[in-house]
$ cat entry-v3.cif   # mmCIF, C-alpha atoms
data_work
loop_
_atom_site.group_PDB
_atom_site.id
_atom_site.type_symbol
_atom_site.label_atom_id
_atom_site.label_comp_id
_atom_site.auth_asym_id
_atom_site.auth_seq_id
_atom_site.Cartn_x
_atom_site.Cartn_y
_atom_site.Cartn_z
ATOM 1 C CA MET A 290 55.899 -56.443 105.538
ATOM 2 C CA ASP A 291 53.840 -58.829 103.399
ATOM 3 C CA VAL A 292 56.280 -61.219 101.734
ATOM 4 C CA ARG A 293 54.457 -60.684 98.408
ATOM 5 C CA GLU A 294 55.720 -57.091 98.461
ATOM 6 C CA GLN A 295 59.349 -58.254 98.303
ATOM 7 C CA TYR A 296 59.050 -58.916 94.571
ATOM 8 C CA LEU A 297 59.270 -55.573 92.791
ATOM 9 C CA ALA A 298 59.904 -55.300 89.033
ATOM 10 C CA GLU A 299 62.037 -52.576 87.456
ATOM 11 C CA PRO A 300 59.748 -49.590 86.746
ATOM 12 C CA TYR A 301 57.768 -49.724 90.002
ATOM 13 C CA GLN A 302 58.553 -47.999 93.270
ATOM 14 C CA THR A 303 55.966 -49.679 95.480
ATOM 15 C CA ALA A 304 54.266 -53.079 95.513
ATOM 16 C CA ALA A 305 50.829 -51.426 95.486
ATOM 17 C CA GLN A 306 51.736 -49.512 92.319
ATOM 18 C CA GLN A 307 52.971 -52.720 90.680
ATOM 19 C CA ARG A 308 49.855 -54.631 91.707
ATOM 20 C CA GLU A 309 47.500 -51.977 90.345
ATOM 21 C CA ALA A 310 49.412 -51.732 87.045
ATOM 22 C CA THR A 311 49.334 -55.534 86.666
ATOM 23 C CA PHE A 312 45.589 -55.742 87.278
ATOM 24 C CA LEU A 313 44.934 -52.763 85.032
ATOM 25 C CA GLY A 314 46.942 -54.299 82.172
ATOM 26 C CA MET A 315 45.185 -57.628 82.572
ATOM 27 C CA TRP A 316 41.705 -56.070 82.640
ATOM 28 C CA VAL A 317 42.488 -54.021 79.518
ATOM 29 C CA PHE A 318 43.424 -57.295 77.802
ATOM 30 C CA LEU A 319 40.294 -59.020 79.125
ATOM 31 C CA ALA A 320 38.216 -56.056 77.919
ATOM 32 C CA THR A 321 39.513 -56.635 74.369
ATOM 33 C CA GLU A 322 38.476 -60.287 74.687
ATOM 34 C CA ILE A 323 35.002 -59.242 75.867
ATOM 35 C CA MET A 324 34.761 -56.852 72.897
ATOM 36 C CA MET A 325 35.696 -59.653 70.470
ATOM 37 C CA PHE A 326 33.196 -62.131 71.903
ATOM 38 C CA GLY A 327 30.661 -59.288 72.255
ATOM 39 C CA GLY A 328 30.615 -58.930 68.453
ATOM 40 C CA LEU A 329 29.923 -62.645 68.210
ATOM 41 C CA PHE A 330 27.066 -62.450 70.734
ATOM 42 C CA LEU A 331 25.575 -59.595 68.753
ATOM 43 C CA VAL A 332 25.665 -61.734 65.598
ATOM 44 C CA ILE A 333 23.963 -64.605 67.470
ATOM 45 C CA TYR A 334 21.114 -62.454 68.829
ATOM 46 C CA TYR A 335 20.629 -60.385 65.677
ATOM 47 C CA TYR A 336 20.408 -63.614 63.698
ATOM 48 C CA ARG A 337 17.977 -65.087 66.241
ATOM 49 C CA LEU A 338 15.665 -62.088 65.859
ATOM 50 C CA GLN A 339 15.858 -62.208 62.047
ATOM 51 C CA HIS A 340 15.377 -65.986 61.659
ATOM 52 C CA PRO A 341 13.493 -67.365 64.694
ATOM 53 C CA VAL A 342 12.110 -70.406 62.826
ATOM 54 C CA GLY A 343 15.443 -71.516 61.370
ATOM 55 C CA VAL A 344 17.249 -70.975 64.676
ATOM 56 C CA GLY A 345 14.522 -72.927 66.517
ATOM 57 C CA GLU A 346 15.056 -75.870 64.166
ATOM 58 C CA ALA A 347 18.851 -75.806 64.688
ATOM 59 C CA VAL A 348 18.629 -75.389 68.492
ATOM 60 C CA HIS A 349 16.288 -78.400 68.669
ATOM 61 C CA HIS A 350 19.115 -80.610 67.301
ATOM 62 C CA LEU A 351 21.805 -79.378 69.747
ATOM 63 C CA HIS A 352 22.798 -81.542 72.735
ATOM 64 C CA SER A 353 21.886 -79.171 75.571
ATOM 65 C CA ILE A 354 22.332 -81.656 78.451
ATOM 66 C CA LEU A 355 25.848 -82.559 77.301
ATOM 67 C CA ALA A 356 26.640 -78.830 77.123
ATOM 68 C CA ALA A 357 25.216 -78.340 80.648
ATOM 69 C CA PHE A 358 27.602 -81.046 81.863
ATOM 70 C CA ASN A 359 30.420 -79.161 80.115
ATOM 71 C CA SER A 360 29.350 -75.945 81.916
ATOM 72 C CA ALA A 361 29.629 -77.775 85.247
ATOM 73 C CA LEU A 362 33.144 -78.932 84.286
ATOM 74 C CA LEU A 363 34.260 -75.356 83.576
ATOM 75 C CA LEU A 364 32.656 -74.030 86.795
ATOM 76 C CA THR A 365 34.487 -76.701 88.801
ATOM 77 C CA GLY A 366 37.713 -75.644 87.073
ATOM 78 C CA SER A 367 37.031 -72.051 88.151
ATOM 79 C CA LEU A 368 36.568 -73.150 91.777
ATOM 80 C CA CYS A 369 39.912 -75.020 91.634
ATOM 81 C CA MET A 370 41.514 -71.891 90.157
ATOM 82 C CA SER A 371 40.231 -69.696 93.017
ATOM 83 C CA LEU A 372 41.451 -72.243 95.582
ATOM 84 C CA MET A 373 44.823 -72.236 93.786
ATOM 85 C CA VAL A 374 45.082 -68.417 94.019
ATOM 86 C CA GLN A 375 44.282 -68.683 97.728
ATOM 87 C CA ALA A 376 47.045 -71.311 98.194
ATOM 88 C CA SER A 377 49.554 -69.293 96.141
ATOM 89 C CA ARG A 378 49.123 -66.318 98.503
ATOM 90 C CA LEU A 379 50.106 -68.646 101.355
ATOM 91 C CA GLY A 380 53.090 -70.029 99.410
ATOM 92 C CA ASP A 381 51.796 -73.609 99.529
ATOM 93 C CA TYR A 382 53.639 -75.019 96.477
ATOM 94 C CA ARG A 383 52.246 -78.560 96.588
ATOM 95 C CA ARG A 384 48.636 -77.408 96.878
ATOM 96 C CA VAL A 385 49.137 -74.834 94.106
ATOM 97 C CA GLN A 386 50.525 -77.483 91.752
ATOM 98 C CA ARG A 387 47.783 -79.965 92.592
ATOM 99 C CA LEU A 388 45.033 -77.392 92.036
ATOM 100 C CA LEU A 389 46.612 -76.162 88.786
ATOM 101 C CA LEU A 390 46.718 -79.748 87.491
ATOM 102 C CA LEU A 391 43.118 -80.258 88.573
ATOM 103 C CA THR A 392 42.041 -77.097 86.724
ATOM 104 C CA ALA A 393 43.924 -78.268 83.610
ATOM 105 C CA PHE A 394 42.185 -81.645 83.933
ATOM 106 C CA PHE A 395 38.739 -79.995 83.978
ATOM 107 C CA GLY A 396 39.744 -77.854 80.985
ATOM 108 C CA LEU A 397 40.892 -80.931 79.061
ATOM 109 C CA ALA A 398 37.729 -82.815 80.047
ATOM 110 C CA PHE A 399 35.693 -79.881 78.680
ATOM 111 C CA LEU A 400 37.611 -80.078 75.384
ATOM 112 C CA ALA A 401 37.171 -83.861 75.201
ATOM 113 C CA VAL A 402 33.391 -83.586 75.711
ATOM 114 C CA LYS A 403 33.253 -80.763 73.150
ATOM 115 C CA GLY A 404 35.212 -82.880 70.647
ATOM 116 C CA PHE A 405 32.830 -85.811 71.223
ATOM 117 C CA GLU A 406 29.876 -83.454 70.716
ATOM 118 C CA TYR A 407 31.351 -82.097 67.456
ATOM 119 C CA GLY A 408 31.839 -85.673 66.229
ATOM 120 C CA TRP A 409 28.237 -86.526 67.084
ATOM 121 C CA GLU A 410 26.936 -83.402 65.331
ATOM 122 C CA TYR A 411 29.135 -84.062 62.283
ATOM 123 C CA ARG A 412 27.802 -87.626 61.949
ATOM 124 C CA GLU A 413 24.266 -86.230 62.182
ATOM 125 C CA GLY A 414 25.085 -83.854 59.317
ATOM 126 C CA LEU A 415 24.568 -80.744 61.454
ATOM 127 C CA LEU A 416 28.042 -79.257 60.963
ATOM 128 C CA PRO A 417 29.383 -77.895 57.677
ATOM 129 C CA GLY A 418 31.620 -80.219 55.666
ATOM 130 C CA MET A 419 31.439 -83.316 53.501
ATOM 131 C CA GLY A 420 29.477 -85.366 56.047
ATOM 132 C CA PRO A 421 26.039 -86.942 55.631
ATOM 133 C CA GLU A 422 23.077 -84.948 54.338
ATOM 134 C CA SER A 423 21.883 -82.312 56.799
ATOM 135 C CA PRO A 424 18.584 -82.975 58.594
ATOM 136 C CA LEU A 425 18.122 -79.179 58.720
ATOM 137 C CA LYS A 426 15.605 -78.069 56.093
ATOM 138 C CA GLU A 427 15.868 -74.284 56.584
ATOM 139 C CA PRO A 428 18.976 -72.608 55.074
ATOM 140 C CA ALA A 429 18.873 -70.223 58.078
ATOM 141 C CA ALA A 430 19.204 -73.230 60.419
ATOM 142 C CA ARG A 431 22.295 -74.445 58.559
ATOM 143 C CA LEU A 432 23.866 -70.985 58.777
ATOM 144 C CA PHE A 433 23.091 -70.860 62.519
ATOM 145 C CA MET A 434 25.091 -74.100 62.879
ATOM 146 C CA ASN A 435 28.028 -72.298 61.204
ATOM 147 C CA ILE A 436 27.745 -69.495 63.774
ATOM 148 C CA TYR A 437 27.534 -72.133 66.526
ATOM 149 C CA LEU A 438 30.670 -73.875 65.236
ATOM 150 C CA PHE A 439 32.613 -70.614 64.987
ATOM 151 C CA ALA A 440 31.539 -69.358 68.440
ATOM 152 C CA THR A 441 32.198 -72.614 70.297
ATOM 153 C CA GLY A 442 35.392 -73.228 68.284
ATOM 154 C CA LEU A 443 36.775 -69.813 69.203
ATOM 155 C CA HIS A 444 35.930 -70.493 72.847
ATOM 156 C CA ALA A 445 37.614 -73.927 72.646
ATOM 157 C CA VAL A 446 40.780 -72.229 71.320
ATOM 158 C CA HIS A 447 40.727 -70.019 74.430
ATOM 159 C CA VAL A 448 40.288 -73.039 76.715
ATOM 160 C CA THR A 449 43.234 -74.732 74.954
ATOM 161 C CA LEU A 450 45.363 -71.604 75.504
ATOM 162 C CA GLY A 451 44.284 -71.488 79.158
ATOM 163 C CA VAL A 452 45.231 -75.157 79.707
ATOM 164 C CA THR A 453 48.614 -74.572 78.005
ATOM 165 C CA ILE A 454 49.332 -71.567 80.248
ATOM 166 C CA ILE A 455 48.294 -73.535 83.356
ATOM 167 C CA LEU A 456 50.563 -76.466 82.465
ATOM 168 C CA GLY A 457 53.361 -73.958 81.770
ATOM 169 C CA MET A 458 52.893 -72.578 85.305
ATOM 170 C CA VAL A 459 53.066 -76.110 86.763
ATOM 171 C CA VAL A 460 56.379 -76.682 84.947
ATOM 172 C CA ARG A 461 57.769 -73.297 86.103
ATOM 173 C CA ILE A 462 56.879 -74.066 89.712
ATOM 174 C CA HIS A 463 58.302 -77.604 89.402
ATOM 175 C CA PHE A 464 61.682 -76.268 88.226
ATOM 176 C CA ALA A 465 61.625 -73.522 90.902
ATOM 177 C CA HIS A 466 61.335 -70.713 88.336
ATOM 178 C CA MET A 467 58.462 -69.152 90.250
ATOM 179 C CA LYS A 468 58.915 -68.196 93.861
ATOM 180 C CA LEU A 469 55.770 -68.161 95.988
ATOM 181 C CA PRO A 470 54.126 -66.210 97.496
ATOM 182 C CA GLU A 471 56.203 -63.355 95.973
ATOM 183 C CA ARG A 472 55.003 -64.177 92.435
ATOM 184 C CA ALA A 473 51.432 -65.062 93.436
ATOM 185 C CA ILE A 474 50.223 -62.146 91.302
ATOM 186 C CA THR A 475 51.280 -64.024 88.131
ATOM 187 C CA LEU A 476 49.022 -66.903 89.127
ATOM 188 C CA GLU A 477 46.231 -64.424 89.961
ATOM 189 C CA MET A 478 46.440 -63.177 86.349
ATOM 190 C CA VAL A 479 46.163 -66.758 85.034
ATOM 191 C CA GLY A 480 43.150 -67.140 87.332
ATOM 192 C CA LEU A 481 41.498 -64.021 85.888
ATOM 193 C CA TYR A 482 41.985 -65.327 82.342
ATOM 194 C CA TRP A 483 40.435 -68.663 83.312
ATOM 195 C CA HIS A 484 37.457 -66.979 84.976
ATOM 196 C CA LEU A 485 36.848 -64.906 81.833
ATOM 197 C CA ILE A 486 36.841 -68.067 79.679
ATOM 198 C CA ASP A 487 34.245 -69.422 82.098
ATOM 199 C CA VAL A 488 32.087 -66.269 81.967
ATOM 200 C CA ILE A 489 32.102 -66.394 78.151
ATOM 201 C CA TRP A 490 30.882 -70.007 78.201
ATOM 202 C CA ILE A 491 28.248 -69.181 80.847
ATOM 203 C CA VAL A 492 26.679 -66.710 78.371
ATOM 204 C CA LEU A 493 27.357 -68.818 75.248
ATOM 205 C CA TYR A 494 25.541 -71.841 76.679
ATOM 206 C CA PRO A 495 22.003 -70.386 76.918
ATOM 207 C CA SER A 496 22.568 -68.174 73.852
ATOM 208 C CA LEU A 497 23.290 -71.164 71.608
ATOM 209 C CA TYR A 498 21.663 -74.180 73.261
ATOM 210 C CA LEU A 499 18.683 -73.062 75.335
ATOM 211 C CA VAL A 500 16.888 -69.951 74.073
ATOM 212 C CA GLY A 501 14.559 -70.478 71.112
ATOM 213 C CA ARG A 502 13.756 -74.172 71.605
ATOM 214 C CA ALA A 503 10.439 -75.174 70.074
ATOM 215 C CA VAL A 504 7.587 -75.326 72.634
ATOM 216 C CA MET Q 95 38.780 -65.281 100.481
ATOM 217 C CA LYS Q 96 37.793 -68.132 102.778
ATOM 218 C CA THR Q 97 37.348 -71.645 101.368
ATOM 219 C CA ARG Q 98 33.814 -71.854 102.773
ATOM 220 C CA LYS Q 99 32.791 -68.714 100.892
ATOM 221 C CA LEU Q 100 34.314 -70.051 97.660
ATOM 222 C CA LEU Q 101 32.403 -73.311 98.065
ATOM 223 C CA LEU Q 102 29.157 -71.414 98.657
ATOM 224 C CA ILE Q 103 29.733 -69.374 95.485
ATOM 225 C CA TYR Q 104 30.426 -72.608 93.570
ATOM 226 C CA ALA Q 105 27.202 -74.150 94.896
ATOM 227 C CA GLY Q 106 25.313 -71.000 93.825
ATOM 228 C CA LEU Q 107 26.822 -71.214 90.328
ATOM 229 C CA LEU Q 108 25.796 -74.860 89.935
ATOM 230 C CA MET Q 109 22.327 -74.132 91.268
ATOM 231 C CA LEU Q 110 21.786 -71.304 88.755
ATOM 232 C CA LEU Q 111 23.066 -73.560 85.961
ATOM 233 C CA ALA Q 112 20.644 -76.329 86.974
ATOM 234 C CA ILE Q 113 17.684 -73.914 87.243
ATOM 235 C CA GLY Q 114 18.419 -72.266 83.868
ATOM 236 C CA ALA Q 115 18.941 -75.538 81.995
ATOM 237 C CA THR Q 116 15.941 -77.319 83.577
ATOM 238 C CA VAL Q 117 13.525 -74.458 82.937
ATOM 239 C CA ALA Q 118 14.702 -73.971 79.330
ATOM 240 C CA ILE Q 119 14.490 -77.680 78.493
ATOM 241 C CA GLN Q 120 11.239 -78.513 80.343
ATOM 242 C CA PHE Q 121 9.418 -75.213 79.724
ATOM 243 C CA PRO Q 122 10.814 -73.749 76.463
ATOM 244 C CA GLN Q 123 8.382 -70.800 76.666
ATOM 245 C CA TRP Q 124 10.331 -69.647 79.778
ATOM 246 C CA ALA Q 125 13.761 -70.195 78.164
ATOM 247 C CA MET Q 126 14.648 -66.503 78.589
ATOM 248 C CA LEU Q 127 14.972 -67.262 82.294
ATOM 249 C CA ALA Q 128 18.143 -69.181 81.385
ATOM 250 C CA LEU Q 129 19.659 -65.869 80.261
ATOM 251 C CA VAL Q 130 18.745 -64.258 83.603
ATOM 252 C CA CYS Q 131 20.398 -67.214 85.377
ATOM 253 C CA ALA Q 132 23.464 -66.802 83.131
ATOM 254 C CA ALA Q 133 23.673 -63.100 84.061
ATOM 255 C CA GLY Q 134 23.479 -64.082 87.741
ATOM 256 C CA GLN Q 135 26.222 -66.658 87.223
ATOM 257 C CA ALA Q 136 28.462 -64.134 85.441
ATOM 258 C CA ILE Q 137 28.035 -61.585 88.272
ATOM 259 C CA LEU Q 138 28.645 -64.262 90.922
ATOM 260 C CA LEU Q 139 31.787 -65.446 89.144
ATOM 261 C CA LEU Q 140 33.198 -61.973 88.461
ATOM 262 C CA PHE Q 141 32.571 -60.612 91.953
ATOM 263 C CA GLY Q 142 32.908 -63.880 93.876
ATOM 264 C CA LEU Q 143 35.666 -65.933 92.296
ATOM 265 C CA ALA Q 144 37.472 -63.221 90.275
ATOM 266 C CA GLU Q 145 37.149 -60.740 93.220
ATOM 267 C CA LEU Q 146 36.432 -57.784 90.914
ATOM 268 C CA GLY Q 147 34.963 -55.819 93.819
ATOM 269 C CA THR Q 148 38.285 -55.783 95.700
ATOM 270 C CA HIS Q 149 40.188 -54.004 92.906
ATOM 271 C CA THR Q 150 40.912 -50.273 92.773
ATOM 272 C CA PRO Q 151 38.318 -47.949 91.183
ATOM 273 C CA LEU Q 152 40.538 -47.468 88.105
ATOM 274 C CA VAL Q 153 40.729 -51.225 87.463
ATOM 275 C CA ARG Q 154 36.959 -51.551 87.947
ATOM 276 C CA PHE Q 155 36.426 -48.632 85.567
ATOM 277 C CA PHE Q 156 38.255 -50.511 82.784
ATOM 278 C CA ALA Q 157 36.377 -53.726 83.577
ATOM 279 C CA PHE Q 158 33.029 -51.935 83.419
ATOM 280 C CA GLY Q 159 34.208 -50.178 80.229
ATOM 281 C CA ALA Q 160 33.997 -53.539 78.454
ATOM 282 C CA GLY Q 161 30.451 -53.979 79.781
ATOM 283 C CA PHE Q 162 29.553 -50.476 78.572
ATOM 284 C CA TRP Q 163 30.834 -51.409 75.095
ATOM 285 C CA LEU Q 164 28.524 -54.423 75.029
ATOM 286 C CA VAL Q 165 25.501 -52.362 76.118
ATOM 287 C CA LEU Q 166 26.250 -49.685 73.494
ATOM 288 C CA MET Q 167 26.768 -52.214 70.696
ATOM 289 C CA PHE Q 168 23.642 -54.224 71.502
ATOM 290 C CA THR Q 169 21.451 -51.136 72.021
ATOM 291 C CA LEU Q 170 22.445 -49.489 68.739
ATOM 292 C CA SER Q 171 22.129 -52.653 66.665
ATOM 293 C CA ILE Q 172 19.065 -54.321 68.171
ATOM 294 C CA ALA Q 173 17.148 -51.024 68.606
ATOM 295 C CA ASP Q 174 17.197 -50.548 64.841
ATOM 296 C CA LEU Q 175 15.839 -54.037 64.255
ATOM 297 C CA LEU Q 176 13.163 -53.813 66.946
ATOM 298 C CA THR Q 177 11.879 -50.322 66.070
ATOM 299 C CA ARG Q 178 11.387 -50.876 62.339
ATOM 300 C CA GLY Q 179 8.676 -53.496 62.857
#

$ encode --input "entry-v3.cif" --output "structure tokens"
Amino acid sequence: MDVREQYLAEPYQTAAQQREATFLGMWVFLATEIMMFGGLFLVIYYYRLQHPVGVGEAVHHLHSILAAFNSALLLTGSLCMSLMVQASRLGDYRRVQRLLLLTAFFGLAFLAVKGFEYGWEYREGLLPGMGPESPLKEPAARLFMNIYLFATGLHAVHVTLGVTIILGMVVRIHFAHMKLPERAITLEMVGLYWHLIDVIWIVLYPSLYLVGRAV
Amino acid sequence: MKTRKLLLIYAGLLMLLAIGATVAIQFPQWAMLALVCAAGQAILLLFGLAELGTHTPLVRFFAFGAGFWLVLMFTLSIADLLTRG
């Protein structure tokens, strides 16, 4: 018998039943996240169609190469997460911890670059607040920057949550509160959450930074 | 999943990112291609790294349900804007 099947929680009679219920629950949660961000994407594209000139002006000021670097950081984090799931199924504690820490590092690096980018944009007067006068002439461009701030800020909150959960897992494994590979499914769920954060950024990046640049 | 396969998927993701970003920055008139690349990346990540294809049909049904919601929401909202000239 697969050692992962030895861990069986209270309401379940078989490991397969438990596994399916766990994945189903997680995907229902992820679906609600997709629905929330979906509303935001709709706002972005509806606004783009209504105000192409203003959006073009705002997009021209965004730091698209820095954001591309950030995308690469998140994608590398996702690779580490998949390698971690693979190691957790084999019960390799040291490798799991190392890969979790590496994923958290890439998540924190993403947040650091994002913070630097926000600071840069604030000093340029692109973000709302009491900073210098905005170089954006069109009111629609200034409102697009509000949408940009809200969308990327909400995503950054999710990355922060993801990093916190990952570090929590490292601590649990360190104090032997998580037996592997029996509890590998818990780490698989963390992996799914991280991949979703990555997918959201993959779509946010061209939607905010790339499409609509002036020719 | 084998490490080699994961690394290949990762290389594919980075390649699509590079293509999308380069085309959109160098040739802004083709910037929509970046969205096609992003869709490719999302599919590669969901089916490659998140292993969505290995789940049971019920789990996949719920996952695709979220996608259906997006299609419905975008179609209803954008269709109105696009068809009223």

$ residues_near_point --input "entry-v3.cif" --point "(47.9, -75.0, 97.0)" --cutoff "10 Å" --atoms "only C-alpha atoms" --output "PDB file with C-alpha atoms, keeping the file's coordinate frame"
ATOM      1  CA  CYS A 369      39.912 -75.020  91.634  1.00  0.00           C
ATOM      2  CA  MET A 370      41.514 -71.891  90.157  1.00  0.00           C
ATOM      3  CA  LEU A 372      41.451 -72.243  95.582  1.00  0.00           C
ATOM      4  CA  MET A 373      44.823 -72.236  93.786  1.00  0.00           C
ATOM      5  CA  VAL A 374      45.082 -68.417  94.019  1.00  0.00           C
ATOM      6  CA  GLN A 375      44.282 -68.683  97.728  1.00  0.00           C
ATOM      7  CA  ALA A 376      47.045 -71.311  98.194  1.00  0.00           C
ATOM      8  CA  SER A 377      49.554 -69.293  96.141  1.00  0.00           C
ATOM      9  CA  ARG A 378      49.123 -66.318  98.503  1.00  0.00           C
ATOM     10  CA  LEU A 379      50.106 -68.646 101.355  1.00  0.00           C
ATOM     11  CA  GLY A 380      53.090 -70.029  99.410  1.00  0.00           C
ATOM     12  CA  ASP A 381      51.796 -73.609  99.529  1.00  0.00           C
ATOM     13  CA  TYR A 382      53.639 -75.019  96.477  1.00  0.00           C
ATOM     14  CA  ARG A 383      52.246 -78.560  96.588  1.00  0.00           C
ATOM     15  CA  ARG A 384      48.636 -77.408  96.878  1.00  0.00           C
ATOM     16  CA  VAL A 385      49.137 -74.834  94.106  1.00  0.00           C
ATOM     17  CA  GLN A 386      50.525 -77.483  91.752  1.00  0.00           C
ATOM     18  CA  ARG A 387      47.783 -79.965  92.592  1.00  0.00           C
ATOM     19  CA  LEU A 388      45.033 -77.392  92.036  1.00  0.00           C
ATOM     20  CA  LEU A 389      46.612 -76.162  88.786  1.00  0.00           C
TER      21      LEU A 389
END

$ resolve_selection --input "entry-v3.cif" --expression "the PyMOL selection byres ((chain Q) within 9 of (chain A))" --output "VMD selection string"
chain Q and resid 95 to 97 100 to 101 103 to 104 107 to 108 111 to 112 114 to 115 118 to 119 121 to 129 132 to 133 135 to 137 139 to 140 143 to 144 149 to 150 152 to 154 156 to 161 163 to 164 167 to 168 171 to 172 175 to 176

$ residues_around --input "entry-v3.cif" --residues "A:Leu362" --least-positions-apart "5" --cutoff "8 Å" --atoms "only C-alpha atoms" --output "PDB file with C-alpha atoms, in the coordinates of the input"
ATOM      1  CA  PHE A 395      38.739 -79.995  83.978  1.00  0.00           C
ATOM      2  CA  GLY A 396      39.744 -77.854  80.985  1.00  0.00           C
ATOM      3  CA  ALA A 398      37.729 -82.815  80.047  1.00  0.00           C
ATOM      4  CA  PHE A 399      35.693 -79.881  78.680  1.00  0.00           C
TER       5      PHE A 399
END

$ atom_distance --input "entry-v3.cif" --atom1 "atom CA of A:Thr392" --atom2 "atom CA of A:His447"
14.2 Å

$ atom_distance --input "entry-v3.cif" --atom1 "atom CA of A:Leu456" --atom2 "atom CA of A:Leu400"
15.2 Å

$ atom_distance --input "entry-v3.cif" --atom1 "atom CA of A:Glu346" --atom2 "atom CA of A:Ala445"
24.2 Å

$ residues_around --input "entry-v3.cif" --residues "stretch 427-433 of chain A" --least-positions-apart "5" --cutoff "10 Å" --atoms "only C-alpha atoms" --output "number ranges by chain"
A: 332-333, 336-337, 339-348, 414-417, 438-439, 497

$ closest_residue --input "entry-v3.cif" --among "A:Val479, A:Lys468, A:Ala473, A:Ser423" --to "A:Leu450" --atoms "all atoms listed in the file"
A:Val479

$ build_atoms --input "entry-v3.cif" --residues "stretch 133-138 of chain Q" --atoms "all heavy atoms" --output "compact mmCIF listing (two decimals), keeping the file's coordinate frame"
# COMPACT_ATOMS: atom_id res chain seq x y z
N ALA Q 133 23.20 -64.41 83.58
CA ALA Q 133 23.67 -63.10 84.06
C ALA Q 133 24.03 -63.19 85.54
O ALA Q 133 25.06 -62.66 85.97
CB ALA Q 133 22.59 -62.05 83.82
N GLY Q 134 23.20 -63.88 86.31
CA GLY Q 134 23.48 -64.08 87.74
C GLY Q 134 24.77 -64.84 87.95
O GLY Q 134 25.59 -64.48 88.81
N GLN Q 135 24.99 -65.88 87.12
CA GLN Q 135 26.22 -66.66 87.22
C GLN Q 135 27.45 -65.80 86.91
O GLN Q 135 28.46 -65.88 87.61
CB GLN Q 135 26.18 -67.82 86.22
CG GLN Q 135 25.39 -69.02 86.69
CD GLN Q 135 25.38 -70.09 85.61
OE1 GLN Q 135 24.77 -69.92 84.57
NE2 GLN Q 135 26.07 -71.17 85.85
N ALA Q 136 27.33 -64.98 85.84
CA ALA Q 136 28.46 -64.13 85.44
C ALA Q 136 28.82 -63.15 86.56
O ALA Q 136 30.00 -62.95 86.88
CB ALA Q 136 28.13 -63.39 84.15
N ILE Q 137 27.79 -62.55 87.18
CA ILE Q 137 28.04 -61.58 88.27
C ILE Q 137 28.67 -62.30 89.47
O ILE Q 137 29.65 -61.82 90.05
CB ILE Q 137 26.70 -60.88 88.66
CG1 ILE Q 137 26.27 -59.93 87.54
CG2 ILE Q 137 26.86 -60.11 89.98
CD1 ILE Q 137 24.87 -59.40 87.67
N LEU Q 138 28.12 -63.48 89.79
CA LEU Q 138 28.64 -64.26 90.92
C LEU Q 138 30.11 -64.64 90.68
O LEU Q 138 30.94 -64.57 91.60
CB LEU Q 138 27.78 -65.52 91.08
CG LEU Q 138 27.72 -66.19 92.44
CD1 LEU Q 138 27.29 -65.22 93.51
CD2 LEU Q 138 26.73 -67.37 92.40
